[in-house]
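Engineer: Please read through the structure below; I'll follow up with questions.
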Amino acid sequence: MSTNQDLFERSQRVIPGGVNSPVRAFRAVGGTPRFIKKGEGAYIIDAEGKRYIDYIGSWGPMILGHGHPAVLEAVLSAAREGFSFGAPTERELELAEEILKLVPSMEQVRLVSSGTEATMSAIRLARGATGRSKFIKFEGCYHGHTDALLVKAGSGLATFGNPTSAGVPAEVAQHTLVLEYNNVAQLEEAFALHGKELACVIIEPIAGNMNFVRASLPFMTKLRELCTQYGALLVFDEVMTGFRVALGSAQAHYAQLIPGFKPDMSVFGKVIGGGMPLAAFGASRDIMAHLAPLGGVYQAGTLSGNPVATACGLATLREIQKPGFFEALSAKTQKLVAGLKAVADANGVPFSVDSQGGMFGFFLMPELPQNYTTVMTTDKERFNRFFHGMLDARLPGTGAVRSRFVSAAHSDAHIETTLAAARVALR
Ligand SMILES: *Cc1c(COP(=O)(O)O)cnc(C)c1O
């Protein structure tokens, strides 16, 4: 039997850093990544045969846990009919109808294969539809690895961004304005300076890529107002939050709190594929009419709307619509976070937690941070000790700056086991 260490050493010879996506490399938390052989309900099992209760869920998609029978059956039966045709199928149309039924802010949707591809296409569409080039993103939000989105703030609001990755030309970053999350004054100032040149503003409504930071209501309300006033499109990147924080996604949550609220364009991924490569972006019929073959904004994909991936997504979306699904998922998640908070308090560890639906985050600090600068003040050394304490107890979570996920396969017993391990680790 190969150990995780053996596999990691072998892998590093043939794959840069031994991984096909950098967060898997354990660089932030230290140690050897676990090579996963199999998933089973709430568990993942590594190459050494160790079982872990999984709070990563493939970074979000596995909302039903691993190997859900109805989803597995749908995938197997679709695979028997063929893997890919390069022609339209009824199943992709069914998935589109299902998504639109759950997300009424969109009238049409296009399916793609990854979140990165979906946000990239959404930005191109926003630019094509408005005839403008510039856009705003917020520090700490991740929208995939498209060139124009791998950008950090320039010096001051008058200057646009700088690349955060080698290989991104400065010219490409010059249309991206990066602002602080939840900073209403800065948002107003930026719109006053550049509002008429902005194609769109892209935001993670609940930022899972800086652990768990909610856009405040005053901030979201002002953002919506300014976008409408200046004719910039509000793009909700719901790749992580979509069908995860609520059946109608984060936008349904904000619509409950801000009457009449809706984004102009939305991007989905992760849960809509149920673990298969599938993502989507959508908007009103008018905006979507700018896309090829109807309009001049080009966008395409050999595997877009793939028959096996759409079968997986469709079966997943059908399961999460069953009565009481989100109530049960939320209740379990809340039980877990309340339990963690109680354990931390009992041990005098500064701790703050938040959750929505099946997504949660916690910080080893007394109050929930509101922006990336504060998130980054977290005690990483202390976090990593906690992380490895939990990992030794077979409970992988994610690094200090990513959300965690509970699935329908997690039971009260799994949560009790987790809290028992947290009692030891936090002590
Ligand atoms: C994961 C993620 C993406 C990128 O999706 P990929 O499928 O990894 O390309 C984009 N936006 C958000 C909010 C994400 O969480």
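By order of appearance in the structure tokens: chains A, B, ..., then residues from 1 within every chain, and ligands from 1 in the order shown.
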Give as JSON, numbers by chain the residues surrounding ligand 1 up to a distance of 7 Å, considering only C-alpha atoms and all ligand atoms.
Structural biologist: {"A": [114, 115, 116, 117, 119, 141, 142, 143, 144, 145, 204, 208, 209, 237, 238, 239, 240, 269, 270]}
Engineer: I'd like the neighbourhood of Val375 in chain A as JSON, numbers by chain, where a residue qualifies if any of its atoms comes within 9 Å (using only C-alpha atoms), though same-chain residues fewer than 4 positions away should be ignored.
Structural biologist: {"A": [140, 210, 211, 213, 363, 368, 369, 370, 371, 400, 401]}
Engineer: Put those residues in a file: C-alpha atoms, as a JSON list (two decimals), in the first residue's frame.
Structural biologist:
```json
[["chain", "number", "residue", "atom", "x", "y", "z"],
["A", 140, "GLY", "CA", -10.63, 38.85, -0.65],
["A", 210, "MET", "CA", -12.19, 34.78, 2.87],
["A", 211, "ASN", "CA", -13.65, 32.14, 5.16],
["A", 213, "VAL", "CA", -17.77, 37.28, 5.50],
["A", 363, "PHE", "CA", -12.27, 32.74, 13.11],
["A", 368, "LEU", "CA", -16.45, 38.33, 12.92],
["A", 369, "PRO", "CA", -14.25, 40.32, 10.52],
["A", 370, "GLN", "CA", -15.89, 42.53, 7.88],
["A", 371, "ASN", "CA", -13.11, 42.65, 5.29],
["A", 400, "ALA", "CA", -7.86, 29.75, 7.71],
["A", 401, "VAL", "CA", -9.36, 31.66, 4.76]]
```
Engineer: Could you pull out the helix (DSSP H, G or I) residues of range 151-191 of chain A from DSSP and send them as JSON, numbers by chain?
Structural biologist: {"A": [170, 171, 172, 173, 184, 185, 186, 187, 188, 189, 190, 191]}
Engineer: Find the residue from A:Val103, A:Ala28, A:Ile320, A:Ala250 that sits nearest to Ala207 in chain A; use only C-alpha atoms when measuring.
Structural biologist: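 Selected residue with least distance to Ala207 in chain A: A:Ala250.
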Engineer: Considering only C-alpha atoms, can you say which of A:Phe191, A:Pro33, A:Arg127, A:Ala47 comes closest to Ser2 in chain A?
Structural biologist: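 Comparing A:Phe191, A:Pro33, A:Arg127, A:Ala47 against Ser2 in chain A, the winner is A:Ala47.
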Engineer: Let's see if you can do this: from backbone DSSP, list all strand (DSSP E or B) residues in range 225-357 of chain A, as a list in words.
Structural biologist: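 Restricting range 225-357 of chain A to strand (DSSP E or B) produces Leu233, Leu234, Val235, Phe236, Asp237, Glu238, Met265, Ser266, Val267, Phe268, Gly274, Met276, Ala279, Ala280, Phe281, Gly282, Ala283, Leu291, Val297, Ser352, Val353, Asp354, Ser355 and Gln356 of chain A.
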Engineer: At a cut-off of 9 Å, using only C-alpha atoms, what residues contact Thr89 in chain A? Leave out same-chain residues fewer than 4 positions from it and give the result as an mmCIF file with C-alpha atoms, in the first residue's frame.
Structural biologist:
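Here's the written file out.cif:
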```
data_model
loop_
_atom_site.group_PDB
_atom_site.id
_atom_site.type_symbol
_atom_site.label_atom_id
_atom_site.label_comp_id
_atom_site.auth_asym_id
_atom_site.auth_seq_id
_atom_site.Cartn_x
_atom_site.Cartn_y
_atom_site.Cartn_z
ATOM 1 C CA PHE A 85 -22.116 14.528 -28.383
ATOM 2 C CA LEU A 93 -32.510 22.097 -21.333
ATOM 3 C CA GLY A 305 -23.782 21.119 -20.975
ATOM 4 C CA ASN A 306 -22.097 17.715 -20.930
ATOM 5 C CA PRO A 307 -24.718 14.925 -20.705
#
```
Engineer: Identify, on the basis of only C-alpha atoms, every residue whose closest approach to Met220 in chain A does not exceed 9 Å; exclude the query and any residue fewer than 4 positions from it along the same chain; express the result as an MDAnalysis selection string.
Structural biologist: chainID A and resid 182 184 205 215:216 224:225 254 258
Engineer: Next, write the just-selected residues to a file, as a compact mmCIF listing (two decimals), in the first residue's frame, keeping N, CA, C and O atoms as the atom set.
Structural biologist:
```txt
# COMPACT_ATOMS: atom_id res chain seq x y z
N ASN A 182 -17.41 45.62 2.05
CA ASN A 182 -18.20 46.25 3.12
C ASN A 182 -17.83 47.70 3.42
O ASN A 182 -18.21 48.22 4.46
N VAL A 184 -18.68 51.17 2.48
CA VAL A 184 -19.68 51.96 1.74
C VAL A 184 -19.08 53.26 1.21
O VAL A 184 -19.31 53.65 0.05
N PRO A 205 -21.57 37.40 -2.60
CA PRO A 205 -22.49 38.02 -1.63
C PRO A 205 -22.20 37.59 -0.19
O PRO A 205 -22.34 38.39 0.73
N ALA A 215 -21.68 40.28 3.07
CA ALA A 215 -21.87 41.68 2.68
C ALA A 215 -22.95 42.24 3.60
O ALA A 215 -24.02 41.66 3.73
N SER A 216 -22.65 43.36 4.27
CA SER A 216 -23.62 43.94 5.20
C SER A 216 -24.81 44.49 4.41
O SER A 216 -24.70 44.78 3.22
N ARG A 224 -26.41 48.04 -4.84
CA ARG A 224 -27.51 47.88 -5.79
C ARG A 224 -27.95 49.26 -6.34
O ARG A 224 -28.14 49.44 -7.54
N GLU A 225 -28.07 50.20 -5.42
CA GLU A 225 -28.48 51.56 -5.80
C GLU A 225 -27.52 52.18 -6.80
O GLU A 225 -27.92 52.73 -7.81
N TYR A 254 -30.77 37.70 0.43
CA TYR A 254 -30.73 39.17 0.42
C TYR A 254 -32.08 39.77 0.00
O TYR A 254 -32.46 40.83 0.48
N ILE A 258 -33.78 42.77 1.83
CA ILE A 258 -33.87 44.05 1.11
C ILE A 258 -34.99 43.90 0.09
O ILE A 258 -34.83 43.24 -0.93
```
Engineer: Could you work out how far CA of Thr3 in chain A lies from CA of Gly31 in chain A, giving the answer in Å with one decimal?
Structural biologist: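 Atom-to-atom, CA of Gly31 in chain A to CA of Thr3 in chain A, that is 13.5 Å.
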Engineer: Return as JSON lines the residues of range 359-399 of chain A lying at most 10 Å from range 343-351 of chain A, together with the closest atom-to-atom pair for each and the distance in Å to one decimal, counting only C-alpha atoms, with rows in chain order and ascending residue number.
Structural biologist:
```
{"residue": "A:Phe362", "atom": "CA", "partner": "A:Phe351", "partner_atom": "CA", "distance": 7.0}
{"residue": "A:Phe363", "atom": "CA", "partner": "A:Phe351", "partner_atom": "CA", "distance": 5.6}
{"residue": "A:Leu364", "atom": "CA", "partner": "A:Phe351", "partner_atom": "CA", "distance": 4.5}
{"residue": "A:Met365", "atom": "CA", "partner": "A:Pro350", "partner_atom": "CA", "distance": 4.8}
{"residue": "A:Pro366", "atom": "CA", "partner": "A:Pro350", "partner_atom": "CA", "distance": 4.7}
{"residue": "A:Glu367", "atom": "CA", "partner": "A:Phe351", "partner_atom": "CA", "distance": 7.3}
{"residue": "A:Leu368", "atom": "CA", "partner": "A:Phe351", "partner_atom": "CA", "distance": 8.6}
```
